[in-house]
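Notes to accompany the following structure.
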Amino acid sequence: MVFRVSGVPVCPSMLDRTGRVRLATVRRYLTPCLGLLVLAACAPALNLTELDGPRFEGHYAAPLVAASPGAGPIRVVTFNVELSRQIDRAIEVLNREPLQGADILALEELDDTGVDRVAQALGLDYVYFPAAIHPKNHRYFGPAVLSRWPIERGWKVVLPHAGAQRHQRRTATAATVLVRGTAVRVYAVHLEMQTRLSPTGHRDQAQAVLADAAGSPDPVVIAGDFNSRDIGRYLEKQGYRWPTERVGRTTALFSFDHIFARGLTRPAEAVAAGVVRDNLGASDHRPVWADLDLEPTPGRPGAPAGMPPIR
């Protein structure tokens, strides 16, 4: 005979004389199950560190937008969409104020289907390089750059250090976006979780992105989920402004999602930025936005060697 205690199936041999479940029995039955859960959580990721792919792109932005003149700030958004689980809700959030009509989006934890659905729904172009096949859902996993302005080139930046447990490698998706005739270099970034990588490792990952951007004379945007707040000070020391520094928590407990810029921002006290508190249950992160002034610069870099143009 089997019955249930608090919803758990129990047979009489698992009970002591008082009718309580024996602790030794619980350990004997649950330890293997817990072991399986731990193994599932720590299953290794299949890393995709080849520089030339996999590569996905889409073109849904209206051609008129690409040629539209105008001045004023550009709005940049970053949003970790948590394994693309609630893409419809994410689209709804991104299609509401203050995110509606954003110029450039850096989205993290996307799969190939999710990024295409977002781009098509919002009328954006995109480039996407997944970093790995995630062990939880066995789908592509990585950051993407989306824009209502033409994306001229896209490439992958492989970040150093595999995370503990899953041995997962992270990558950044980089793109040259032509905004009102001025090239802007954009990086969508997702650093390793702080429980799986040391602060020094986080700085190394950020430095890989900084090194890739170092030779560009154009304005640079680095946006994403940094899994660290302290990394902001490091980027500031490298000459980047931090317009989202004071937006507050971007997860339930932490402020991990941020936007950094070089050659794009006004003085910090004048920058408009914020976090969307109600994300409609789309993710365990909240979207963050900032308005950045575009400062045209002469000269435009080509893509890294061997990387073909998007258009």
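Ordering of the structure tokens sets the chain letters (A, B, ...), residue numbers begin anew at 1 in every chain, and ligands are numbered from 1 in the order given.
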Any idea what's packed within 9 Å of A:Val276, counting only C-alpha atoms, ignoring anything in its chain fewer than 2 positions away? Could you give it as a list in words?
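Once the nearby chain positions are removed, what remains is Val93, Pro98, Leu99, Thr250, Gly274, Asp278, Asn279, Arg286, Pro287, Val288 and Trp289 of chain A.
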Just write the chosen residues, N, CA and C atoms, as a short mmCIF file (atom, residue, chain, number, x, y, z; two decimals), in the first residue's frame.
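What ended up in selection_14.cif:
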data_model
loop_
_atom_site.label_atom_id
_atom_site.label_comp_id
_atom_site.auth_asym_id
_atom_site.auth_seq_id
_atom_site.Cartn_x
_atom_site.Cartn_y
_atom_site.Cartn_z
N VAL A 93 6.60 44.09 -23.59
CA VAL A 93 7.34 45.05 -22.78
C VAL A 93 8.14 46.00 -23.66
N PRO A 98 8.85 53.15 -21.72
CA PRO A 98 9.70 54.04 -22.52
C PRO A 98 10.58 53.31 -23.53
N LEU A 99 10.32 52.02 -23.77
CA LEU A 99 11.19 51.24 -24.64
C LEU A 99 10.75 51.26 -26.10
N THR A 250 18.08 45.72 -11.06
CA THR A 250 17.58 45.22 -12.35
C THR A 250 17.16 43.76 -12.25
N GLY A 274 16.84 54.76 -17.15
CA GLY A 274 15.92 54.18 -16.18
C GLY A 274 15.80 52.68 -16.34
N ASP A 278 7.99 46.97 -14.16
CA ASP A 278 7.02 45.93 -14.50
C ASP A 278 7.40 45.31 -15.85
N ASN A 279 8.00 44.13 -15.78
CA ASN A 279 8.39 43.46 -17.02
C ASN A 279 7.37 42.42 -17.47
N ARG A 286 14.99 42.96 -15.46
CA ARG A 286 14.18 44.08 -15.92
C ARG A 286 14.93 44.83 -17.02
N PRO A 287 14.20 45.36 -18.00
CA PRO A 287 14.87 46.12 -19.06
C PRO A 287 15.43 47.44 -18.52
N VAL A 288 16.55 47.84 -19.10
CA VAL A 288 17.21 49.09 -18.74
C VAL A 288 17.39 49.91 -20.01
N TRP A 289 17.23 51.24 -19.92
CA TRP A 289 17.36 52.10 -21.09
C TRP A 289 18.17 53.34 -20.74
#
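With only C-alpha atoms taken into account, the protein and nucleic acid residues at most 12 Å from A:Tyr240 (excluding it and anything under 5 positions from it in its own chain) are Leu210, Ala213, Ala214, Pro219, Val220, Val221, Ile222, Ala223, Ile231, Gly232, Arg233, Tyr234, Leu235, Glu245, Ile259, Phe260, Ala261, Arg262, Gly263, Leu264, Thr265, Arg266, Pro267 and Ala268 of chain A.
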May I have the residues from that selection written out with C-alpha atoms, as a PDB file, in the first residue's frame?
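Generated output (part.pdb):
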ATOM      1  CA  LEU A 210      37.324  46.702 -24.466  1.00  0.00           C
ATOM      2  CA  ALA A 213      36.698  48.234 -29.302  1.00  0.00           C
ATOM      3  CA  ALA A 214      40.034  49.919 -28.586  1.00  0.00           C
ATOM      4  CA  PRO A 219      31.330  55.953 -30.670  1.00  0.00           C
ATOM      5  CA  VAL A 220      30.991  52.685 -28.726  1.00  0.00           C
ATOM      6  CA  VAL A 221      28.101  51.209 -26.752  1.00  0.00           C
ATOM      7  CA  ILE A 222      28.623  48.235 -24.443  1.00  0.00           C
ATOM      8  CA  ALA A 223      25.346  46.972 -23.006  1.00  0.00           C
ATOM      9  CA  ILE A 231      32.568  45.896 -13.193  1.00  0.00           C
ATOM     10  CA  GLY A 232      31.066  49.340 -13.819  1.00  0.00           C
ATOM     11  CA  ARG A 233      33.913  51.040 -11.979  1.00  0.00           C
ATOM     12  CA  TYR A 234      36.376  49.132 -14.090  1.00  0.00           C
ATOM     13  CA  LEU A 235      34.770  50.301 -17.343  1.00  0.00           C
ATOM     14  CA  GLU A 245      24.715  53.687 -12.720  1.00  0.00           C
ATOM     15  CA  ILE A 259      24.778  50.442 -20.511  1.00  0.00           C
ATOM     16  CA  PHE A 260      28.217  51.994 -21.005  1.00  0.00           C
ATOM     17  CA  ALA A 261      29.253  54.397 -23.737  1.00  0.00           C
ATOM     18  CA  ARG A 262      32.248  56.176 -25.193  1.00  0.00           C
ATOM     19  CA  GLY A 263      31.723  59.216 -27.388  1.00  0.00           C
ATOM     20  CA  LEU A 264      27.950  59.129 -27.011  1.00  0.00           C
ATOM     21  CA  THR A 265      26.862  60.523 -23.670  1.00  0.00           C
ATOM     22  CA  ARG A 266      26.232  63.928 -22.235  1.00  0.00           C
ATOM     23  CA  PRO A 267      27.600  64.760 -18.786  1.00  0.00           C
ATOM     24  CA  ALA A 268      26.328  62.142 -16.351  1.00  0.00           C
TER      25      ALA A 268
END
What lies within 10 Å of A:Phe141 using only C-alpha atoms, ignoring chain neighbours under 6 positions off, as a PyMOL selection string?
chain A and resi 45+47-48+82-84+108-112+128-135+170-171
Please, could you write that set of residues out with N, CA and C atoms as a compact mmCIF listing (two decimals), in the first residue's frame?
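Output (out.txt):
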# COMPACT_ATOMS: atom_id res chain seq x y z
N ALA A 45 27.80 22.76 -20.94
CA ALA A 45 27.24 23.39 -22.14
C ALA A 45 28.07 22.99 -23.36
N ASN A 47 29.84 24.55 -26.14
CA ASN A 47 30.31 25.88 -26.49
C ASN A 47 30.47 26.05 -28.00
N LEU A 48 30.19 27.27 -28.46
CA LEU A 48 30.26 27.61 -29.89
C LEU A 48 31.24 28.77 -30.05
N GLU A 82 15.83 35.80 -20.28
CA GLU A 82 15.76 34.52 -19.57
C GLU A 82 15.39 33.33 -20.47
N LEU A 83 16.38 32.93 -21.25
CA LEU A 83 16.26 31.72 -22.07
C LEU A 83 15.11 31.77 -23.08
N SER A 84 14.68 32.97 -23.44
CA SER A 84 13.61 33.13 -24.44
C SER A 84 12.32 32.41 -24.05
N GLU A 108 19.89 39.57 -24.23
CA GLU A 108 20.67 38.43 -23.80
C GLU A 108 19.79 37.21 -23.55
N GLU A 109 20.43 36.04 -23.55
CA GLU A 109 19.77 34.74 -23.33
C GLU A 109 18.73 34.44 -24.40
N LEU A 110 19.06 34.80 -25.61
CA LEU A 110 18.16 34.53 -26.74
C LEU A 110 18.51 33.23 -27.43
N ASP A 111 17.52 32.62 -28.07
CA ASP A 111 17.77 31.58 -29.06
C ASP A 111 17.44 32.15 -30.43
N ASP A 112 17.69 31.37 -31.47
CA ASP A 112 17.54 31.89 -32.82
C ASP A 112 16.08 32.23 -33.15
N TYR A 128 23.02 38.02 -34.67
CA TYR A 128 23.02 37.17 -33.47
C TYR A 128 24.04 36.05 -33.63
N PHE A 129 24.93 35.95 -32.66
CA PHE A 129 25.90 34.87 -32.58
C PHE A 129 25.70 34.14 -31.25
N PRO A 130 25.11 32.95 -31.24
CA PRO A 130 24.96 32.23 -29.97
C PRO A 130 26.32 31.81 -29.42
N ALA A 131 26.42 31.84 -28.10
CA ALA A 131 27.67 31.47 -27.44
C ALA A 131 27.75 29.97 -27.17
N ALA A 132 26.59 29.33 -27.00
CA ALA A 132 26.56 27.92 -26.62
C ALA A 132 25.19 27.34 -26.89
N ILE A 133 25.11 26.03 -26.77
CA ILE A 133 23.83 25.34 -26.68
C ILE A 133 23.61 25.08 -25.20
N HIS A 134 22.55 25.67 -24.66
CA HIS A 134 22.36 25.65 -23.22
C HIS A 134 21.92 24.26 -22.74
N PRO A 135 22.49 23.78 -21.63
CA PRO A 135 22.15 22.43 -21.16
C PRO A 135 20.74 22.30 -20.61
N ARG A 170 31.44 32.29 -22.64
CA ARG A 170 30.57 33.40 -23.03
C ARG A 170 31.15 34.13 -24.23
N THR A 171 30.27 34.75 -25.00
CA THR A 171 30.69 35.56 -26.13
C THR A 171 29.91 36.87 -26.12
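Closest to A:Gly53 among A:Gln238, A:Thr173, A:Asn80, A:Asn227 is A:Thr173, based on only C-alpha atoms.
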Give the helix (DSSP H, G or I) residues of stretch 178-236 of chain A, as DSSP finds them on the backbone, and put them as a PyMOL selection string.
chain A and resi 199-213+231-236
Export of prior selection with C-alpha atoms as a PDB file, in the first residue's frame:
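result.pdb was written with the following content:
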ATOM      1  CA  PRO A 199      35.947  39.195  -9.995  1.00  0.00           C
ATOM      2  CA  THR A 200      39.288  38.960 -11.804  1.00  0.00           C
ATOM      3  CA  GLY A 201      37.667  36.679 -14.367  1.00  0.00           C
ATOM      4  CA  HIS A 202      34.865  39.194 -14.854  1.00  0.00           C
ATOM      5  CA  ARG A 203      37.402  41.934 -15.529  1.00  0.00           C
ATOM      6  CA  ASP A 204      39.167  39.680 -18.031  1.00  0.00           C
ATOM      7  CA  GLN A 205      35.887  39.109 -19.868  1.00  0.00           C
ATOM      8  CA  ALA A 206      35.124  42.826 -19.924  1.00  0.00           C
ATOM      9  CA  GLN A 207      38.666  43.548 -21.071  1.00  0.00           C
ATOM     10  CA  ALA A 208      38.201  41.281 -24.091  1.00  0.00           C
ATOM     11  CA  VAL A 209      35.359  43.532 -25.239  1.00  0.00           C
ATOM     12  CA  LEU A 210      37.324  46.702 -24.466  1.00  0.00           C
ATOM     13  CA  ALA A 211      40.283  45.381 -26.436  1.00  0.00           C
ATOM     14  CA  ASP A 212      38.078  44.685 -29.453  1.00  0.00           C
ATOM     15  CA  ALA A 213      36.698  48.234 -29.302  1.00  0.00           C
ATOM     16  CA  ILE A 231      32.568  45.896 -13.193  1.00  0.00           C
ATOM     17  CA  GLY A 232      31.066  49.340 -13.819  1.00  0.00           C
ATOM     18  CA  ARG A 233      33.913  51.040 -11.979  1.00  0.00           C
ATOM     19  CA  TYR A 234      36.376  49.132 -14.090  1.00  0.00           C
ATOM     20  CA  LEU A 235      34.770  50.301 -17.343  1.00  0.00           C
ATOM     21  CA  GLU A 236      34.689  53.872 -16.052  1.00  0.00           C
TER      22      GLU A 236
END
When DSSP is applied to the backbone of this structure, which of stretch 37-204 of chain A are assigned strand (DSSP E or B)? Write them out as an MDAnalysis selection string.
chainID A and resid 46:47 56:59 74:80 104:110 125:128 132:133 140:147 151:158 171:179 182:190
Counting only C-alpha atoms, what is within 9 Å of A:Ala162, bar same-chain residues fewer than 6 positions away, as a list in words?
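Here the answer would be Gln168, Arg169, Arg170, Glu192, Arg196 and Leu197 of chain A.
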Export of the given selection (N, CA and C atoms) as a PDB file, in the first residue's frame:
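To be explicit, this is the file written out as selection_11.pdb:
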ATOM      1  N   GLN A 168      30.928  26.603 -19.248  1.00  0.00           N
ATOM      2  CA  GLN A 168      30.355  27.360 -20.354  1.00  0.00           C
ATOM      3  C   GLN A 168      31.217  28.566 -20.692  1.00  0.00           C
ATOM      4  N   ARG A 169      31.407  28.811 -21.982  1.00  0.00           N
ATOM      5  CA  ARG A 169      32.108  29.994 -22.456  1.00  0.00           C
ATOM      6  C   ARG A 169      31.081  31.039 -22.871  1.00  0.00           C
ATOM      7  N   ARG A 170      31.441  32.290 -22.644  1.00  0.00           N
ATOM      8  CA  ARG A 170      30.572  33.400 -23.030  1.00  0.00           C
ATOM      9  C   ARG A 170      31.149  34.127 -24.231  1.00  0.00           C
ATOM     10  N   GLU A 192      29.785  35.900 -17.372  1.00  0.00           N
ATOM     11  CA  GLU A 192      29.475  34.708 -16.587  1.00  0.00           C
ATOM     12  C   GLU A 192      28.887  35.086 -15.220  1.00  0.00           C
ATOM     13  N   ARG A 196      30.154  31.632 -10.561  1.00  0.00           N
ATOM     14  CA  ARG A 196      30.936  30.696 -11.371  1.00  0.00           C
ATOM     15  C   ARG A 196      32.226  31.298 -11.905  1.00  0.00           C
ATOM     16  N   LEU A 197      32.497  32.557 -11.533  1.00  0.00           N
ATOM     17  CA  LEU A 197      33.697  33.212 -12.030  1.00  0.00           C
ATOM     18  C   LEU A 197      34.119  34.282 -11.032  1.00  0.00           C
TER      19      LEU A 197
END
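Among the candidates A:Glu92, A:Asp103, A:Asp230, A:Asp291, the one nearest to A:Leu178 when counting only C-alpha atoms is A:Asp103.
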Neighbours of A:Gly123 within 8 Å (only C-alpha atoms; same-chain residues fewer than 6 positions away dropped), as number ranges by chain?
A: 60-62, 148
Select, from A:Val76, A:Val157, A:Ala164, A:Leu146, the residue with the minimum atom-to-atom distance to A:Pro44, counting only C-alpha atoms.
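With only C-alpha atoms as the atom set, the closest residue is A:Ala164.
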